[in-house]
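J.: Following this line is start-v9.txt, made up of compact mmCIF, C-alpha atoms:
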```
# COMPACT_ATOMS: atom_id res chain seq x y z
CA MET A 240 -18.62 -12.93 -31.06
CA GLU A 241 -17.87 -9.78 -29.06
CA THR A 242 -14.94 -7.81 -30.45
CA LYS A 243 -12.24 -6.28 -28.29
CA ASN A 244 -13.53 -2.74 -29.03
CA ASN A 245 -17.11 -3.67 -28.11
CA LYS A 246 -15.86 -5.26 -24.91
CA LEU A 247 -13.99 -2.05 -24.06
CA VAL A 248 -17.14 0.02 -24.65
CA ASN A 249 -19.18 -2.31 -22.44
CA GLU A 250 -16.53 -2.13 -19.71
CA LYS A 251 -16.67 1.68 -19.83
CA ILE A 252 -20.43 1.54 -19.37
CA ASN A 253 -19.96 -0.71 -16.34
CA THR A 254 -17.26 1.54 -14.87
CA PRO A 255 -18.48 5.10 -15.51
CA HIS A 256 -16.27 6.47 -12.73
CA LEU A 257 -13.11 5.40 -14.59
CA THR A 258 -11.65 7.57 -17.36
CA VAL A 259 -8.90 5.07 -18.27
CA LEU A 260 -9.42 1.31 -17.89
CA PRO A 261 -6.72 -1.13 -16.66
CA ASP A 262 -5.77 -2.46 -20.12
CA GLU A 263 -6.30 0.82 -21.97
CA LYS A 264 -3.20 2.26 -23.61
CA ILE A 265 -2.04 5.78 -22.83
CA SER A 266 1.05 7.66 -24.00
CA PHE A 267 4.50 7.28 -22.47
CA GLY A 268 4.46 10.90 -21.24
CA GLN A 269 1.07 10.54 -19.56
CA SER A 270 2.10 7.24 -17.98
CA ALA A 271 5.26 8.81 -16.60
CA LEU A 272 3.43 11.83 -15.14
CA LEU A 273 0.56 9.82 -13.64
CA GLY A 274 2.95 7.16 -12.34
CA LEU A 275 4.92 9.88 -10.55
CA GLN A 276 1.65 11.02 -8.98
CA HIS A 277 1.21 7.59 -7.33
CA VAL A 278 4.83 7.55 -6.19
CA MET A 279 4.55 11.00 -4.59
CA ALA A 280 1.40 10.00 -2.71
CA MET A 281 3.05 6.89 -1.20
CA ASP A 282 5.18 7.26 1.93
CA VAL A 283 7.55 4.48 0.85
CA TYR A 284 10.54 6.07 2.57
CA VAL A 285 8.86 6.02 6.03
CA VAL A 286 9.22 2.27 6.75
CA PRO A 287 13.01 2.07 6.07
CA PHE A 288 13.44 5.33 8.00
CA LEU A 289 11.62 3.85 11.01
CA ILE A 290 13.62 0.61 10.83
CA ALA A 291 16.90 2.53 10.66
CA MET A 292 15.83 4.57 13.70
CA LEU A 293 14.60 1.55 15.69
CA ILE A 294 17.70 -0.62 15.21
CA GLY A 295 20.18 2.27 15.28
CA LEU A 296 21.64 2.27 11.76
CA GLN A 297 24.26 4.87 10.83
CA SER A 298 23.49 7.61 8.28
CA GLY A 299 25.11 5.77 5.37
CA GLN A 300 23.36 2.52 6.26
CA SER A 301 20.00 4.33 6.50
CA SER A 302 20.43 5.84 3.02
CA ALA A 303 21.36 2.43 1.62
CA LEU A 304 18.24 0.84 3.16
CA ILE A 305 16.01 3.58 1.73
CA GLN A 306 17.58 3.07 -1.72
CA SER A 307 17.07 -0.70 -1.51
CA THR A 308 13.45 -0.19 -0.47
CA PHE A 309 12.72 2.03 -3.48
CA ILE A 310 14.27 -0.53 -5.84
CA ALA A 311 12.37 -3.42 -4.21
CA ALA A 312 9.06 -1.50 -4.41
CA GLY A 313 9.67 -0.69 -8.07
CA ILE A 314 10.56 -4.19 -9.22
CA ALA A 315 7.75 -5.74 -7.14
CA THR A 316 5.21 -3.28 -8.62
CA ILE A 317 6.25 -4.18 -12.18
CA VAL A 318 6.21 -7.92 -11.39
CA GLN A 319 2.72 -7.79 -9.85
CA THR A 320 1.16 -5.38 -12.38
CA TYR A 321 2.69 -6.66 -15.62
CA PHE A 322 3.51 -10.32 -15.03
CA CYS A 323 1.46 -11.76 -12.16
CA MET A 324 -1.86 -10.34 -10.96
CA LYS A 325 -2.11 -7.94 -13.92
CA LEU A 326 -4.11 -5.39 -11.93
CA PRO A 327 -3.18 -1.76 -11.19
CA ILE A 328 -1.48 -2.43 -7.85
CA ALA A 329 1.56 -0.63 -6.43
CA GLN A 330 3.83 -2.48 -4.03
CA GLY A 331 5.61 -0.86 -1.11
CA PRO A 332 7.25 -1.73 2.22
CA SER A 333 4.80 -3.00 4.83
CA TYR A 334 4.50 -1.70 8.40
CA VAL A 335 3.35 -5.16 9.59
CA PRO A 336 6.84 -6.73 10.04
CA LEU A 337 8.35 -3.78 11.96
CA GLY A 338 8.09 -5.39 15.40
CA ALA A 339 9.34 -8.75 14.11
CA ILE A 340 12.29 -7.14 12.32
CA VAL A 341 13.40 -5.31 15.46
CA GLY A 342 12.91 -8.50 17.54
CA ILE A 343 14.85 -10.76 15.16
CA TYR A 344 17.62 -8.17 14.80
CA ALA A 345 18.04 -7.87 18.58
CA ALA A 346 17.69 -11.63 19.28
CA SER A 347 20.39 -12.38 16.69
CA GLY A 348 22.90 -10.07 18.33
CA GLY A 349 22.39 -6.97 16.20
CA GLY A 350 24.91 -5.65 13.66
CA GLU A 351 25.57 -7.56 10.43
CA LEU A 352 24.48 -10.88 11.95
CA GLY A 353 21.18 -9.41 13.15
CA TRP A 354 20.37 -7.90 9.74
CA SER A 355 21.41 -11.07 7.87
CA SER A 356 19.02 -13.06 10.11
CA VAL A 357 16.18 -10.66 9.18
CA LEU A 358 16.92 -11.03 5.46
CA GLY A 359 17.34 -14.82 5.67
CA ALA A 360 14.01 -15.25 7.45
CA SER A 361 12.31 -12.93 4.94
CA LEU A 362 13.75 -14.94 2.06
CA ILE A 363 12.41 -18.28 3.32
CA GLY A 364 9.02 -16.77 4.21
CA ALA A 365 8.72 -15.35 0.68
CA ILE A 366 9.38 -18.78 -0.84
CA LEU A 367 6.56 -20.27 1.26
CA VAL A 368 4.19 -17.53 0.02
CA ILE A 369 5.10 -18.39 -3.59
CA ILE A 370 4.29 -22.05 -2.87
CA LEU A 371 0.86 -21.01 -1.47
CA GLY A 372 0.17 -19.29 -4.78
CA PHE A 373 1.32 -22.14 -7.00
CA THR A 374 -0.68 -24.74 -5.09
CA GLY A 375 -3.83 -22.56 -5.05
CA ILE A 376 -4.25 -23.07 -1.29
CA PHE A 377 -4.64 -19.36 -0.58
CA ASN A 378 -7.31 -18.97 -3.26
CA LYS A 379 -9.35 -21.80 -1.71
CA ILE A 380 -9.11 -20.07 1.65
CA VAL A 381 -10.43 -16.81 0.10
CA LYS A 382 -13.37 -18.57 -1.62
CA VAL A 383 -14.47 -20.38 1.52
CA PHE A 384 -13.89 -17.69 4.12
CA ILE A 385 -14.33 -14.29 2.39
CA PRO A 386 -17.88 -13.69 1.01
CA PRO A 387 -18.93 -10.09 0.04
CA VAL A 388 -19.94 -9.08 3.59
CA VAL A 389 -16.50 -10.11 4.90
CA GLY A 390 -14.64 -8.71 1.88
CA GLY A 391 -16.48 -5.39 2.17
CA THR A 392 -15.73 -5.25 5.90
CA ILE A 393 -12.03 -5.84 5.24
CA ILE A 394 -11.94 -3.02 2.66
CA PHE A 395 -13.79 -0.72 5.05
CA VAL A 396 -11.38 -1.35 7.94
CA VAL A 397 -8.39 -0.82 5.62
CA GLY A 398 -9.53 2.78 5.10
CA LEU A 399 -10.62 3.14 8.72
CA SER A 400 -7.28 1.94 10.13
CA LEU A 401 -5.27 4.35 8.00
CA MET A 402 -7.25 7.47 8.94
CA PRO A 403 -5.87 7.87 12.52
CA VAL A 404 -2.34 7.30 11.17
CA GLY A 405 -2.78 10.02 8.56
CA LEU A 406 -4.34 12.43 11.04
CA SER A 407 -2.00 11.76 13.96
CA SER A 408 1.41 10.86 12.51
CA ASN A 409 1.23 12.98 9.35
CA ILE A 410 -0.73 16.01 10.55
CA PHE A 411 -1.01 16.50 14.32
CA ASP A 412 2.47 15.14 15.12
CA GLY A 413 4.10 15.94 11.76
CA ALA A 414 7.77 16.86 12.16
CA GLY A 415 9.28 20.17 11.08
CA ALA A 416 6.27 22.41 11.74
CA THR A 417 3.86 23.51 14.45
CA ILE A 418 0.48 21.81 14.77
CA ASN A 419 -1.21 24.97 13.42
CA GLN A 420 1.02 24.97 10.33
CA ASN A 421 0.46 21.26 9.79
CA ILE A 422 -3.32 21.63 9.98
CA TYR A 423 -3.24 24.54 7.50
CA LEU A 424 -1.03 22.57 5.10
CA ALA A 425 -3.27 19.49 5.33
CA LEU A 426 -6.39 21.61 4.71
CA ILE A 427 -4.75 23.31 1.71
CA SER A 428 -3.68 20.05 0.04
CA ALA A 429 -7.04 18.38 0.78
CA ALA A 430 -8.99 21.40 -0.51
CA VAL A 431 -6.93 21.58 -3.72
CA LEU A 432 -7.45 17.86 -4.28
CA ILE A 433 -11.24 18.12 -3.88
CA ILE A 434 -11.47 21.28 -6.04
CA PHE A 435 -9.57 19.72 -8.94
CA VAL A 436 -11.53 16.46 -8.74
CA MET A 437 -14.77 18.46 -8.82
CA LEU A 438 -13.53 20.55 -11.78
CA GLY A 439 -12.84 17.32 -13.63
CA THR A 440 -16.29 15.98 -12.75
CA VAL A 441 -18.21 19.14 -13.69
CA PHE A 442 -16.45 19.77 -17.00
CA HIS A 443 -16.30 16.06 -18.01
CA LYS A 444 -13.92 15.52 -20.96
CA LYS A 445 -12.62 19.09 -21.04
CA GLY A 446 -11.80 18.93 -17.35
CA ARG A 447 -10.32 15.44 -17.43
CA VAL A 448 -6.79 16.79 -16.97
CA PHE A 449 -7.85 18.41 -13.66
CA ARG A 450 -9.10 15.12 -12.24
CA ILE A 451 -6.27 12.87 -13.37
CA THR A 452 -3.57 15.21 -12.05
CA SER A 453 -5.46 16.24 -8.89
CA VAL A 454 -3.16 14.37 -6.48
CA ILE A 455 0.13 15.66 -7.88
CA ILE A 456 -1.25 19.23 -8.09
CA ALA A 457 -2.44 19.02 -4.45
CA LEU A 458 1.05 17.88 -3.35
CA ILE A 459 2.77 20.63 -5.36
CA VAL A 460 0.46 23.40 -4.10
CA GLY A 461 0.82 22.08 -0.53
CA SER A 462 4.62 22.08 -0.86
CA ILE A 463 4.59 25.66 -2.23
CA ALA A 464 2.45 26.72 0.75
CA ALA A 465 4.95 24.99 3.05
CA LYS A 466 7.75 26.96 1.38
CA PHE A 467 5.96 30.24 2.14
CA MET A 468 5.47 29.09 5.77
CA GLY A 469 9.17 28.32 6.00
CA VAL A 470 8.70 24.61 6.76
CA LEU A 471 9.89 23.12 3.45
CA ASP A 472 13.42 21.84 4.08
CA LEU A 473 15.31 21.05 0.84
CA SER A 474 18.78 20.90 2.40
CA ALA A 475 18.91 17.09 2.14
CA VAL A 476 18.06 17.36 -1.58
CA SER A 477 20.97 19.72 -2.31
CA GLN A 478 23.40 17.51 -0.39
CA ALA A 479 22.29 14.21 -1.98
CA LYS A 480 24.10 12.74 -5.00
CA TRP A 481 22.36 12.41 -8.36
CA PHE A 482 23.59 8.84 -8.79
CA SER A 483 24.61 6.33 -6.15
CA LEU A 484 24.90 2.55 -6.29
CA PRO A 485 22.59 0.50 -4.05
CA GLN A 486 23.71 -2.38 -1.82
CA ILE A 487 24.98 -5.54 -3.50
CA PRO A 488 23.94 -8.93 -2.01
CA PHE A 489 26.72 -11.10 -0.53
CA ALA A 490 29.12 -8.14 -0.86
CA ASP A 491 27.43 -5.54 1.37
CA PHE A 492 25.18 -7.94 3.28
CA GLY A 493 24.54 -11.68 3.65
CA PHE A 494 21.83 -14.15 4.69
CA THR A 495 21.66 -16.17 7.89
CA PHE A 496 19.00 -18.84 8.38
CA ASN A 497 17.81 -19.09 11.96
CA ILE A 498 14.86 -21.43 12.68
CA SER A 499 13.32 -19.18 15.34
CA ALA A 500 13.60 -16.12 13.09
CA ILE A 501 12.10 -18.03 10.15
CA VAL A 502 9.09 -19.22 12.19
CA THR A 503 8.54 -15.66 13.39
CA MET A 504 8.66 -14.28 9.85
CA VAL A 505 6.30 -16.99 8.53
CA ILE A 506 3.70 -15.84 11.10
CA ILE A 507 4.25 -12.28 9.86
CA TYR A 508 3.74 -13.32 6.24
CA ILE A 509 0.42 -14.98 7.14
CA VAL A 510 -0.71 -11.73 8.77
CA LEU A 511 0.65 -9.80 5.77
CA MET A 512 -1.39 -11.91 3.31
CA ALA A 513 -4.55 -11.31 5.35
CA GLU A 514 -3.90 -7.58 5.06
CA THR A 515 -2.99 -7.51 1.35
CA THR A 516 -6.22 -9.38 0.53
CA GLY A 517 -8.06 -6.22 1.61
CA THR A 518 -6.01 -4.21 -0.89
CA TRP A 519 -6.87 -6.62 -3.71
CA PHE A 520 -10.57 -6.40 -2.91
CA ALA A 521 -10.34 -2.60 -2.73
CA VAL A 522 -8.69 -2.34 -6.16
CA SER A 523 -11.07 -4.93 -7.62
CA ASN A 524 -14.06 -2.95 -6.36
CA VAL A 525 -12.75 0.41 -7.63
CA ILE A 526 -12.15 -0.91 -11.16
CA ASP A 527 -15.38 -2.96 -11.03
CA GLN A 528 -13.67 -6.23 -12.01
CA PRO A 529 -14.30 -9.20 -9.68
CA LEU A 530 -11.18 -11.13 -8.73
CA THR A 531 -10.80 -14.42 -10.59
CA ASP A 532 -9.26 -17.58 -9.11
CA LYS A 533 -6.33 -17.21 -11.49
CA GLN A 534 -5.71 -13.60 -10.45
CA ILE A 535 -5.71 -14.44 -6.74
CA ASN A 536 -3.27 -17.32 -7.23
CA ARG A 537 -1.02 -15.18 -9.44
CA GLY A 538 -1.34 -12.33 -6.94
CA VAL A 539 -0.05 -14.54 -4.13
CA ILE A 540 2.83 -15.65 -6.37
CA GLY A 541 3.54 -12.00 -7.24
CA GLU A 542 3.47 -11.04 -3.56
CA GLY A 543 5.95 -13.82 -2.78
CA ILE A 544 8.25 -12.91 -5.68
CA GLY A 545 8.16 -9.23 -4.63
CA CYS A 546 9.15 -10.12 -1.06
CA PHE A 547 11.84 -12.50 -2.35
CA ILE A 548 13.32 -9.72 -4.51
CA ALA A 549 13.10 -7.29 -1.58
CA SER A 550 15.19 -9.68 0.53
CA LEU A 551 17.73 -10.12 -2.27
CA VAL A 552 18.31 -6.37 -2.55
CA GLY A 553 18.58 -5.98 1.23
CA SER A 554 15.13 -4.59 2.00
CA THR A 555 12.08 -5.68 4.01
CA PRO A 556 8.82 -7.37 2.80
CA VAL A 557 6.70 -5.41 0.30
CA THR A 558 2.95 -5.60 -0.14
CA GLY A 559 0.11 -3.99 -2.10
CA TYR A 560 -0.64 -0.40 -1.02
CA SER A 561 -4.33 0.22 -0.48
CA THR A 562 -3.91 4.01 -0.80
CA ASN A 563 -3.49 3.59 -4.55
CA ALA A 564 -7.03 2.19 -4.82
CA GLY A 565 -8.26 5.49 -3.40
CA ILE A 566 -6.12 7.44 -5.89
CA ILE A 567 -7.59 5.39 -8.77
CA SER A 568 -11.09 6.22 -7.53
CA ILE A 569 -10.26 9.94 -7.24
CA THR A 570 -8.45 10.33 -10.59
CA GLY A 571 -10.36 7.70 -12.60
CA ILE A 572 -7.05 6.39 -14.01
CA ALA A 573 -6.70 2.62 -13.66
CA SER A 574 -4.20 1.96 -16.46
CA ARG A 575 -1.62 -0.70 -15.68
CA ARG A 576 0.85 1.31 -17.76
CA VAL A 577 0.70 4.05 -15.11
CA PHE A 578 1.64 1.56 -12.40
CA ILE A 579 4.45 0.11 -14.50
CA ALA A 580 5.71 3.69 -14.87
CA ALA A 581 5.40 4.12 -11.08
CA GLY A 582 7.55 1.00 -10.67
CA ALA A 583 10.15 2.46 -13.05
CA TRP A 584 10.16 5.73 -11.04
CA PHE A 585 10.78 3.77 -7.85
CA VAL A 586 13.78 2.00 -9.39
CA LEU A 587 15.10 5.34 -10.70
CA PHE A 588 14.75 6.87 -7.23
CA GLY A 589 16.62 3.85 -5.86
CA PHE A 590 19.63 4.77 -7.98
CA SER A 591 19.34 8.51 -7.37
CA GLY A 592 19.80 9.82 -3.87
CA LYS A 593 18.69 13.30 -4.97
CA LEU A 594 15.34 12.18 -6.41
CA ALA A 595 14.62 10.01 -3.37
CA ALA A 596 15.47 12.94 -1.10
CA LEU A 597 13.10 15.18 -3.09
CA ILE A 598 10.17 12.83 -2.46
CA SER A 599 11.16 12.55 1.21
CA ALA A 600 11.21 16.37 1.48
CA ILE A 601 7.44 16.72 0.90
CA PRO A 602 6.10 17.79 4.33
CA SER A 603 4.22 15.00 6.08
CA ALA A 604 1.19 17.24 6.64
CA VAL A 605 0.88 17.88 2.89
CA ILE A 606 0.86 14.13 2.23
CA GLY A 607 -1.50 13.69 5.20
CA GLY A 608 -4.10 16.05 3.71
CA VAL A 609 -4.28 13.92 0.57
CA PHE A 610 -3.87 10.67 2.50
CA VAL A 611 -6.92 11.08 4.75
CA ILE A 612 -9.17 11.84 1.76
CA VAL A 613 -7.87 8.69 0.06
CA CYS A 614 -8.57 6.68 3.24
CA GLY A 615 -12.17 7.89 3.25
CA ILE A 616 -12.60 6.84 -0.38
CA ILE A 617 -11.26 3.35 0.43
CA ALA A 618 -13.68 2.97 3.37
CA ILE A 619 -16.62 3.98 1.17
CA SER A 620 -15.51 1.39 -1.42
CA GLY A 621 -15.95 -1.26 1.26
CA LEU A 622 -19.51 -0.09 1.92
CA GLN A 623 -20.24 -0.29 -1.81
CA VAL A 624 -19.19 -3.95 -1.84
CA MET A 625 -21.80 -4.68 0.85
CA LYS A 626 -24.60 -2.50 -0.55
CA ASN A 627 -26.41 -5.43 -2.22
CA GLU A 628 -26.06 -7.71 0.79
CA SER A 629 -28.91 -8.37 3.19
CA ILE A 630 -27.71 -7.06 6.56
CA GLY A 631 -29.27 -9.14 9.31
CA GLU A 632 -28.42 -9.54 12.99
CA LYS A 633 -25.41 -11.74 12.25
CA GLU A 634 -24.01 -9.41 9.57
CA MET A 635 -24.24 -6.42 11.91
CA TYR A 636 -21.79 -8.08 14.30
CA VAL A 637 -19.56 -9.31 11.46
CA ILE A 638 -19.18 -5.65 10.39
CA ALA A 639 -19.32 -3.86 13.77
CA VAL A 640 -16.88 -5.94 15.85
CA PRO A 641 -13.97 -5.73 13.33
CA MET A 642 -14.66 -1.99 12.99
CA ILE A 643 -14.41 -1.52 16.77
CA LEU A 644 -11.29 -3.73 16.93
CA THR A 645 -9.62 -1.72 14.17
CA LEU A 646 -10.08 1.54 16.05
CA ALA A 647 -9.13 -0.06 19.39
CA LEU A 648 -5.87 -1.53 18.05
CA THR A 649 -5.01 1.61 16.09
CA LEU A 650 -5.35 3.69 19.27
CA LEU A 651 -3.82 1.04 21.58
CA PRO A 652 -0.94 2.54 23.63
CA LYS A 653 2.40 1.20 22.37
CA ASP A 654 3.64 0.53 25.91
CA PHE A 655 0.79 -1.90 26.48
CA LEU A 656 1.29 -3.53 23.07
CA TYR A 657 4.99 -4.17 23.78
CA SER A 658 4.10 -5.74 27.16
CA LEU A 659 2.15 -8.53 25.42
CA PRO A 660 3.63 -11.87 24.29
CA THR A 661 5.62 -11.57 21.06
CA THR A 662 3.08 -13.45 18.91
CA LEU A 663 0.27 -11.13 20.04
CA GLN A 664 2.48 -8.12 19.33
CA TYR A 665 2.84 -9.26 15.72
CA LEU A 666 -0.90 -9.86 15.37
CA PHE A 667 -2.21 -6.78 17.17
CA GLY A 668 0.42 -4.63 15.48
CA SER A 669 -1.68 -4.97 12.32
CA PRO A 670 -5.25 -3.80 13.03
CA VAL A 671 -6.38 -4.76 9.50
CA ALA A 672 -5.09 -8.33 9.74
CA THR A 673 -6.66 -8.82 13.19
CA ALA A 674 -9.98 -7.32 12.05
CA ALA A 675 -9.94 -9.51 8.92
CA ILE A 676 -9.39 -12.68 10.97
CA VAL A 677 -12.17 -11.72 13.41
CA ALA A 678 -14.59 -10.92 10.55
CA ILE A 679 -13.89 -14.34 8.99
CA LEU A 680 -14.32 -16.17 12.31
CA LEU A 681 -17.56 -14.36 13.23
CA ASN A 682 -19.02 -15.05 9.79
CA LYS A 683 -18.36 -18.77 10.29
CA ILE A 684 -19.21 -19.07 13.99
CA LEU A 685 -22.34 -16.91 14.39
CA PRO A 686 -25.63 -18.59 13.43
CA ASN A 687 -27.33 -17.42 10.25
CA THR A 688 -30.40 -15.33 11.15
CA LYS A 689 -31.83 -14.90 7.65
```
Rewrite the structure of this file - the entire thing - as structure tokens.
T.:
Amino acid sequence: METKNNKLVNEKINTPHLTVLPDEKISFGQSALLGLQHVMAMDVYVVPFLIAMLIGLQSGQSSALIQSTFIAAGIATIVQTYFCMKLPIAQGPSYVPLGAIVGIYAASGGGELGWSSVLGASLIGAILVIILGFTGIFNKIVKVFIPPVVGGTIIFVVGLSLMPVGLSSNIFDGAGATINQNIYLALISAAVLIIFVMLGTVFHKKGRVFRITSVIIALIVGSIAAKFMGVLDLSAVSQAKWFSLPQIPFADFGFTFNISAIVTMVIIYIVLMAETTGTWFAVSNVIDQPLTDKQINRGVIGEGIGCFIASLVGSTPVTGYSTNAGIISITGIASRRVFIAAGAWFVLFGFSGKLAALISAIPSAVIGGVFVIVCGIIAISGLQVMKNESIGEKEMYVIAVPMILTLALTLLPKDFLYSLPTTLQYLFGSPVATAAIVAILLNKILPNTK
């Protein structure tokens, strides 16, 4: 009978690119440092900031929403990583529901009633997701509709869809600096990341520290460069309080259950689950551990519980972040302890306005430089999933059409998107979800040419 130690050795042979495996134990200090690295590379604050801007929240309300989002992301990460899916997956606020949130808020009259309608619809939608996990319905859908060629395509378009966002929003249009400064900052952070990863690869065990801390070093060096350029603004950090209480349910906000809003949010959750499946496949591929039926079912339950908790603390739906799969691939650190530490950091930031402000102060171009490299790694992971598949005429279209759709929807002018019917806005607002659905349909509809 194979012992636990032998199994660990065999797993290391199968995953030579990993320096720390998912269930491998590392020290508290290392977990804390590496967990902070994941937190710093995630733009968790962006979604609540956008929502606050879109629905016109006041400064105090915006800060409260950002705090709630950090707490929701932290608790959801711990729930998914430690209790449910038990894979190194970080949870964060999703961009998918943005349009629906703004629509529900406006349709419900805005103000407290509008926000309570958003939270009520999110709460009911989350419960339905939990039911999908407990019944195993979602897992059956994955087994029937997502073979390797479709799964690999989904992973590939996850990376592909994020690249234009990183390049455009974070670098070319990054706030607080000129386009020249942003490009320089992105190049500096990307170059530092690649150099330290290569140092870790060349020097093997002696250079391991370079590889595992490559992301956080790239962000620090990029921020120092931004300071010298005069574009690092720390004024919000100095003004923020060290400790501040988050919102309390039923005291600071309530829940209103509107049928129309609930139906809208259920559609969003279906799209959200199509997108998060790509993240699961990406992480599974990076750590070289195929997803089991039990993990998928528990992952759906964890996703639902995370969204349920997010609603209870006054935040928006959270989902698995695919960028972390790229960070695992770059650093070689897949320990679940690191992700539990990341969850704890998120909760800590949720109670500390100063720490949250510090993360928010990292220039977008610095994050963008790291982000686009991570996106490329994710896309390549998708190609690796398909490398053993026979690519015939049918498979070419299954891969090519979703790829084209992803780019088309990512670059689609917002004015045209908002002119479409509401349901199509929700669907086309998520290029990954749309591409995933098209890949699944083409794989089933097109005749097999093998």
J.: Which polymer residues have any atom within 12 Å of an atom of A:Phe395, counting all atoms listed in the file, with same-chain residues fewer than 3 positions away left out, as number ranges by chain?
T.: A: 387-392, 398-402, 517-518, 520-521, 524, 561, 565, 614-625, 638-639, 641-643, 645-646, 671, 674-675, 678
J.: For the point (16.5, -13.7, 12.2) in the file's frame, write as a PDB file with C-alpha atoms, keeping the file's coordinate frame all residues with an atom no more than 6 Å away, counting all atoms listed in the file.
T.:
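Just written: result_35.pdb:
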```pdb
ATOM      1  CA  ILE A 343      14.850 -10.760  15.160  1.00  0.00           C
ATOM      2  CA  SER A 356      19.020 -13.060  10.110  1.00  0.00           C
ATOM      3  CA  VAL A 357      16.180 -10.660   9.180  1.00  0.00           C
ATOM      4  CA  ALA A 360      14.010 -15.250   7.450  1.00  0.00           C
ATOM      5  CA  ASN A 497      17.810 -19.090  11.960  1.00  0.00           C
ATOM      6  CA  ALA A 500      13.600 -16.120  13.090  1.00  0.00           C
TER       7      ALA A 500
END
```
J.: Taking into account only C-alpha atoms, which residue in the set A:Ala604, A:Ile548, A:Val613, A:Ala672 is nearest to A:Leu406?
T.: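 When distances to A:Leu406 are compared using only C-alpha atoms, the smallest one comes from A:Ala604.
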J.: Skip A:Ser483 itself and residues of its chain fewer than 5 positions away, then list as a list in words all residues within 7 Å of it, counting all atoms listed in the file.
T.: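 Surrounding residues, per the criterion: Phe590, Ser591 and Gly592 of chain A.
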J.: Need the shell around A:Gln319: protein/DNA/RNA residues with any atom at most 10 Å away, counting only C-alpha atoms. Skip same-chain ones fewer than 2 positions apart. Format as a ChimeraX atom specification?
T.: /A:314-317,321-330,537-545,558-559,578-579
J.: Start from the incomplete input, build N, CA and C atoms for stretch 458-469 of chain A, and deliver everything as a CSV table (one decimal), in the frame of the given file.
T.:
```
chain,number,residue,atom,x,y,z
A,458,LEU,N,-0.2,18.0,-4.0
A,458,LEU,CA,1.0,17.9,-3.4
A,458,LEU,C,2.0,19.1,-3.7
A,459,ILE,N,1.9,19.5,-5.0
A,459,ILE,CA,2.8,20.6,-5.4
A,459,ILE,C,2.3,21.9,-4.7
A,460,VAL,N,1.0,22.2,-4.7
A,460,VAL,CA,0.5,23.4,-4.1
A,460,VAL,C,0.7,23.4,-2.6
A,461,GLY,N,0.5,22.2,-2.0
A,461,GLY,CA,0.8,22.1,-0.5
A,461,GLY,C,2.3,22.4,-0.2
A,462,SER,N,3.2,21.9,-1.1
A,462,SER,CA,4.6,22.1,-0.9
A,462,SER,C,5.0,23.6,-1.0
A,463,ILE,N,4.3,24.2,-2.0
A,463,ILE,CA,4.6,25.7,-2.2
A,463,ILE,C,4.1,26.4,-1.0
A,464,ALA,N,3.0,26.1,-0.5
A,464,ALA,CA,2.4,26.7,0.8
A,464,ALA,C,3.4,26.5,1.9
A,465,ALA,N,4.0,25.3,2.0
A,465,ALA,CA,5.0,25.0,3.0
A,465,ALA,C,6.2,25.8,2.9
A,466,LYS,N,6.6,26.1,1.6
A,466,LYS,CA,7.8,27.0,1.4
A,466,LYS,C,7.5,28.4,1.9
A,467,PHE,N,6.3,28.9,1.7
A,467,PHE,CA,6.0,30.2,2.1
A,467,PHE,C,5.9,30.3,3.7
A,468,MET,N,5.5,29.2,4.3
A,468,MET,CA,5.5,29.1,5.8
A,468,MET,C,6.8,28.9,6.4
A,469,GLY,N,7.8,28.6,5.5
A,469,GLY,CA,9.2,28.3,6.0
A,469,GLY,C,9.4,26.9,6.6
```
